[in-house]
Amino acid sequence: MKLAATIEKAAEPEKAILVGLITPQQDEEKAKEYLAELAFLAETAGAESVMFLTQRLDYPNPRTFLGKGKLDELKHIIEERGDISMVIFDDDLSTKQVLNIERELGVKILDRTNLILDIFAKRAQTASAKTQVELAQYQYLLPRLTRMWTHLERQRGGIGMRGPGETQIETDRRIILNKISLLKEELKAIDRQKAVQRKNRGKLTRVALVGYTNVGKSTMMNLLSKSDVFAENKLFATLDTTVRKVVIDNLPFLLTDTVGFIRKLPTHLVDSFKSTLDEVREADILVHVVDISHPNFEEQIEVVDRTLREVCNGADKPMILVFNKIDAFRCTPKDEDDLTPKQRCNRTLDELKTSWMAKMNDNCVFISAKKNTNIDELKQRLYTMAREIHLTRFPYNDLLFQDYTEQ
């Protein structure tokens with residue numbers, strides 16, 4: 001009985017408090033939205049978020065991120081509850097900040113990047129993804145080495161004890177730099193192997209699914225390719241690039257599912273996954289999937305567009321903007337007596353379609369991959385764009401095609 005109770009207790013998720021700042025660059029509404037996304041990340045990692053805590057500051061405290069009063073309040077909450085095992089900050093913390101906060105609170109301290117890396121490590125399946133995650137972890141760890149050597153603080157008062165500690169840190173730094181160099185070489189070898197695989201696929205048109213994390217790319221991949229790619233309502237369900245051959249009517253093309261993007265993703269994480277995103281760079285058509293039910297989907301579109309400009313070096317590729325999850329779209333009708341300007345939450349789906357989206361002509365589709373709604377319209381758009389590229393490479397196939405739009 002005691003063993004069973006111990007196992008059950010060990011299986012309980014760690015409880016965490018999430019912390020964010022309200023600054024001149026990030027208002028209260030945005031801070032709360034970021035914390036809600038951080039809570040989703042924590043849930044994906046296996047933690048339970050029990051509380052959000054925010055503080056209004058012009059900029060983070062360089063020593064403890066939060067002000068002294070707010071840090072004391074946080075410490076009191078942890079002591080009073082007694083079940084909090086970690087505090088997760090929505091922004092990156094310096095080594096100094098982590099050490100000082102841990103010393104004050106006495107619990108594990110994580111920042112957003114640390115949490116994302118933990119999820120990446122859990123999700124990685126292939127050798128390529130595991131290598132990329134390991135590289136990102138070492139790049140994250142390198143400037144934070146001093147945190148690993150806090151046990152030497154007790155000895156720094158003794159004569160001759162400070163030097164060996166610093167020497168060990170420098171030794172570890174060289175070991176990590178060598179490891180980073182080896183991992184980069186491994187990724188170059190993987191890149192060469194993948195380049196050969198892409199070359200062996202011939203001249204078939206390539207279509208890549210891109211978008212913010214958890215917008216339904218893998219569900220759409222399964223629907224279009226009739227495959228069984230892992231799909232889950234959690235962030236970063238897909239880390240490994242998956243390529244499937246799809247045939248619409250009599251037109252074959254390659255469809256790729258890629259890792260999702262997210263706000264506040266550090267540059268070194270994007271750099272680590274650039275080999276995975278080679279499929280995006282070499283794609284002929286991009287299908288940008290958007291979760292239209294998300295209250296800030298327009299900001300998510302900007303995040304993806306910005307990352308694509310970095311990944312594809314600003315390349316201008318044909319794109320279809322697919323607004324997914326229309327079955328989950330909700331709006332709050334505006335009271336007729338309310339004279340304030342209409343907000344995003346008050347606009348119906350039909351009203352949204354007549355906004356800036358109407359200017360996109362045929363490059364905009366509204367679907368529900370889960371409910372299989374308007375999928376034929378998406379297939380028709382894909383067919384038309386893929387067929388145009390296909391015929392530039394295989395002009396002799398023109399007589400073999402029937403116009404899919406007339407069927």
# chains A, B, ... in the order shown; residues from 1 in each chain; ligands from 1
$ residues_around --residues "A:Pro60" --least-positions-apart "3" --cutoff "12 Å" --atoms "only C-alpha atoms" --output "PDB file with N, CA, C and O atoms, in the first residue's frame"
ATOM      1  N   VAL A  19       4.904  33.865 -13.710  1.00  0.00           N
ATOM      2  CA  VAL A  19       5.194  35.267 -13.432  1.00  0.00           C
ATOM      3  C   VAL A  19       5.473  36.024 -14.727  1.00  0.00           C
ATOM      4  O   VAL A  19       6.224  35.550 -15.591  1.00  0.00           O
ATOM      5  N   GLY A  20       4.864  37.205 -14.859  1.00  0.00           N
ATOM      6  CA  GLY A  20       5.098  38.051 -16.021  1.00  0.00           C
ATOM      7  C   GLY A  20       5.119  39.511 -15.631  1.00  0.00           C
ATOM      8  O   GLY A  20       4.701  39.884 -14.528  1.00  0.00           O
ATOM      9  N   LEU A  21       5.593  40.354 -16.555  1.00  0.00           N
ATOM     10  CA  LEU A  21       5.679  41.793 -16.290  1.00  0.00           C
ATOM     11  C   LEU A  21       4.726  42.568 -17.184  1.00  0.00           C
ATOM     12  O   LEU A  21       4.478  42.195 -18.337  1.00  0.00           O
ATOM     13  N   ILE A  22       4.175  43.658 -16.618  1.00  0.00           N
ATOM     14  CA  ILE A  22       3.418  44.640 -17.393  1.00  0.00           C
ATOM     15  C   ILE A  22       4.354  45.830 -17.578  1.00  0.00           C
ATOM     16  O   ILE A  22       4.774  46.468 -16.609  1.00  0.00           O
ATOM     17  N   THR A  23       4.715  46.097 -18.824  1.00  0.00           N
ATOM     18  CA  THR A  23       5.691  47.150 -19.126  1.00  0.00           C
ATOM     19  C   THR A  23       5.098  48.122 -20.141  1.00  0.00           C
ATOM     20  O   THR A  23       4.019  47.876 -20.698  1.00  0.00           O
ATOM     21  N   PRO A  24       5.797  49.240 -20.415  1.00  0.00           N
ATOM     22  CA  PRO A  24       5.309  50.156 -21.458  1.00  0.00           C
ATOM     23  C   PRO A  24       5.174  49.476 -22.819  1.00  0.00           C
ATOM     24  O   PRO A  24       4.374  49.886 -23.647  1.00  0.00           O
ATOM     25  N   THR A  54       1.606  39.051 -11.745  1.00  0.00           N
ATOM     26  CA  THR A  54       2.173  40.081 -12.616  1.00  0.00           C
ATOM     27  C   THR A  54       2.600  41.282 -11.793  1.00  0.00           C
ATOM     28  O   THR A  54       2.097  41.530 -10.693  1.00  0.00           O
ATOM     29  N   GLN A  55       3.543  42.029 -12.315  1.00  0.00           N
ATOM     30  CA  GLN A  55       3.964  43.276 -11.690  1.00  0.00           C
ATOM     31  C   GLN A  55       4.184  44.319 -12.766  1.00  0.00           C
ATOM     32  O   GLN A  55       4.688  44.014 -13.852  1.00  0.00           O
ATOM     33  N   ARG A  56       3.801  45.545 -12.462  1.00  0.00           N
ATOM     34  CA  ARG A  56       3.976  46.646 -13.402  1.00  0.00           C
ATOM     35  C   ARG A  56       5.339  47.304 -13.165  1.00  0.00           C
ATOM     36  O   ARG A  56       5.586  47.895 -12.104  1.00  0.00           O
ATOM     37  N   LEU A  57       6.229  47.180 -14.133  1.00  0.00           N
ATOM     38  CA  LEU A  57       7.566  47.777 -14.050  1.00  0.00           C
ATOM     39  C   LEU A  57       7.946  48.368 -15.404  1.00  0.00           C
ATOM     40  O   LEU A  57       7.494  47.883 -16.449  1.00  0.00           O
ATOM     41  N   ARG A  63      18.603  42.464 -10.900  1.00  0.00           N
ATOM     42  CA  ARG A  63      19.075  41.524  -9.889  1.00  0.00           C
ATOM     43  C   ARG A  63      18.089  40.381  -9.646  1.00  0.00           C
ATOM     44  O   ARG A  63      18.482  39.224  -9.551  1.00  0.00           O
ATOM     45  N   THR A  64      16.797  40.720  -9.549  1.00  0.00           N
ATOM     46  CA  THR A  64      15.796  39.696  -9.188  1.00  0.00           C
ATOM     47  C   THR A  64      14.591  39.675 -10.125  1.00  0.00           C
ATOM     48  O   THR A  64      13.585  39.044  -9.815  1.00  0.00           O
ATOM     49  N   PHE A  65      14.662  40.350 -11.271  1.00  0.00           N
ATOM     50  CA  PHE A  65      13.586  40.442 -12.262  1.00  0.00           C
ATOM     51  C   PHE A  65      12.393  41.202 -11.691  1.00  0.00           C
ATOM     52  O   PHE A  65      11.933  42.172 -12.274  1.00  0.00           O
ATOM     53  N   LEU A  66      11.857  40.778 -10.540  1.00  0.00           N
ATOM     54  CA  LEU A  66      10.761  41.462  -9.870  1.00  0.00           C
ATOM     55  C   LEU A  66      11.302  42.460  -8.854  1.00  0.00           C
ATOM     56  O   LEU A  66      12.463  42.371  -8.428  1.00  0.00           O
ATOM     57  N   GLY A  67      10.431  43.380  -8.425  1.00  0.00           N
ATOM     58  CA  GLY A  67      10.792  44.286  -7.353  1.00  0.00           C
ATOM     59  C   GLY A  67      10.807  43.547  -6.021  1.00  0.00           C
ATOM     60  O   GLY A  67      10.227  42.460  -5.893  1.00  0.00           O
ATOM     61  N   LYS A  68      11.449  44.140  -5.002  1.00  0.00           N
ATOM     62  CA  LYS A  68      11.595  43.461  -3.712  1.00  0.00           C
ATOM     63  C   LYS A  68      10.241  43.137  -3.082  1.00  0.00           C
ATOM     64  O   LYS A  68      10.027  42.041  -2.548  1.00  0.00           O
ATOM     65  N   PHE A  89       9.020  31.982 -15.206  1.00  0.00           N
ATOM     66  CA  PHE A  89       8.976  33.367 -15.673  1.00  0.00           C
ATOM     67  C   PHE A  89       8.757  33.394 -17.181  1.00  0.00           C
ATOM     68  O   PHE A  89       9.308  32.576 -17.919  1.00  0.00           O
ATOM     69  N   ASP A  90       7.957  34.362 -17.623  1.00  0.00           N
ATOM     70  CA  ASP A  90       7.595  34.423 -19.040  1.00  0.00           C
ATOM     71  C   ASP A  90       8.697  35.000 -19.920  1.00  0.00           C
ATOM     72  O   ASP A  90       8.584  34.995 -21.131  1.00  0.00           O
ATOM     73  N   ASP A  91       9.747  35.512 -19.319  1.00  0.00           N
ATOM     74  CA  ASP A  91      10.868  36.062 -20.085  1.00  0.00           C
ATOM     75  C   ASP A  91      12.161  35.358 -19.689  1.00  0.00           C
ATOM     76  O   ASP A  91      12.234  34.721 -18.632  1.00  0.00           O
ATOM     77  N   ASP A  92      13.171  35.490 -20.539  1.00  0.00           N
ATOM     78  CA  ASP A  92      14.463  34.880 -20.229  1.00  0.00           C
ATOM     79  C   ASP A  92      15.091  35.552 -19.020  1.00  0.00           C
ATOM     80  O   ASP A  92      15.020  36.780 -18.858  1.00  0.00           O
ATOM     81  N   LEU A  93      15.707  34.743 -18.173  1.00  0.00           N
ATOM     82  CA  LEU A  93      16.386  35.229 -16.978  1.00  0.00           C
ATOM     83  C   LEU A  93      17.890  35.080 -17.149  1.00  0.00           C
ATOM     84  O   LEU A  93      18.365  34.125 -17.759  1.00  0.00           O
ATOM     85  N   SER A  94      18.636  36.020 -16.578  1.00  0.00           N
ATOM     86  CA  SER A  94      20.093  35.900 -16.572  1.00  0.00           C
ATOM     87  C   SER A  94      20.503  34.937 -15.464  1.00  0.00           C
ATOM     88  O   SER A  94      19.711  34.614 -14.565  1.00  0.00           O
ATOM     89  N   GLN A  97      20.061  36.577 -12.115  1.00  0.00           N
ATOM     90  CA  GLN A  97      18.666  36.632 -11.671  1.00  0.00           C
ATOM     91  C   GLN A  97      18.197  35.277 -11.144  1.00  0.00           C
ATOM     92  O   GLN A  97      17.541  35.198 -10.103  1.00  0.00           O
TER      93      GLN A  97
END
$ select_by_dssp --residues "stretch 70-220 of chain A" --states "strand (DSSP E or B)" --output "PyMOL selection string"
chain A and resi 84-89+108-111+206-212
$ write_last_selection --atoms "C-alpha atoms" --output "PDB file, in the first residue's frame"
ATOM      1  CA  ILE A  84       4.654  24.934  -4.997  1.00  0.00           C
ATOM      2  CA  SER A  85       7.747  23.291  -6.471  1.00  0.00           C
ATOM      3  CA  MET A  86       8.686  25.850  -9.128  1.00  0.00           C
ATOM      4  CA  VAL A  87       8.158  29.360 -10.460  1.00  0.00           C
ATOM      5  CA  ILE A  88       8.177  29.926 -14.223  1.00  0.00           C
ATOM      6  CA  PHE A  89       8.976  33.367 -15.673  1.00  0.00           C
ATOM      7  CA  LYS A 108      13.105  25.642  -8.789  1.00  0.00           C
ATOM      8  CA  ILE A 109      13.192  28.623 -11.173  1.00  0.00           C
ATOM      9  CA  LEU A 110      12.559  28.262 -14.907  1.00  0.00           C
ATOM     10  CA  ASP A 111      12.188  30.779 -17.704  1.00  0.00           C
ATOM     11  CA  ARG A 206       6.457  20.563 -52.785  1.00  0.00           C
ATOM     12  CA  VAL A 207       3.855  22.027 -50.438  1.00  0.00           C
ATOM     13  CA  ALA A 208       4.772  22.884 -46.818  1.00  0.00           C
ATOM     14  CA  LEU A 209       2.328  23.388 -43.955  1.00  0.00           C
ATOM     15  CA  VAL A 210       3.505  26.231 -41.714  1.00  0.00           C
ATOM     16  CA  GLY A 211       1.933  28.134 -38.851  1.00  0.00           C
ATOM     17  CA  TYR A 212       1.845  28.873 -35.156  1.00  0.00           C
TER      18      TYR A 212
END
$ closest_residue --among "A:Val98, A:Ala328, A:Ala47, A:Val304" --to "A:Leu286" --atoms "only C-alpha atoms"
A:Val304
$ atom_distance --atom1 "atom CA of A:Thr95" --atom2 "atom CA of A:Ile169"
13.6 Å
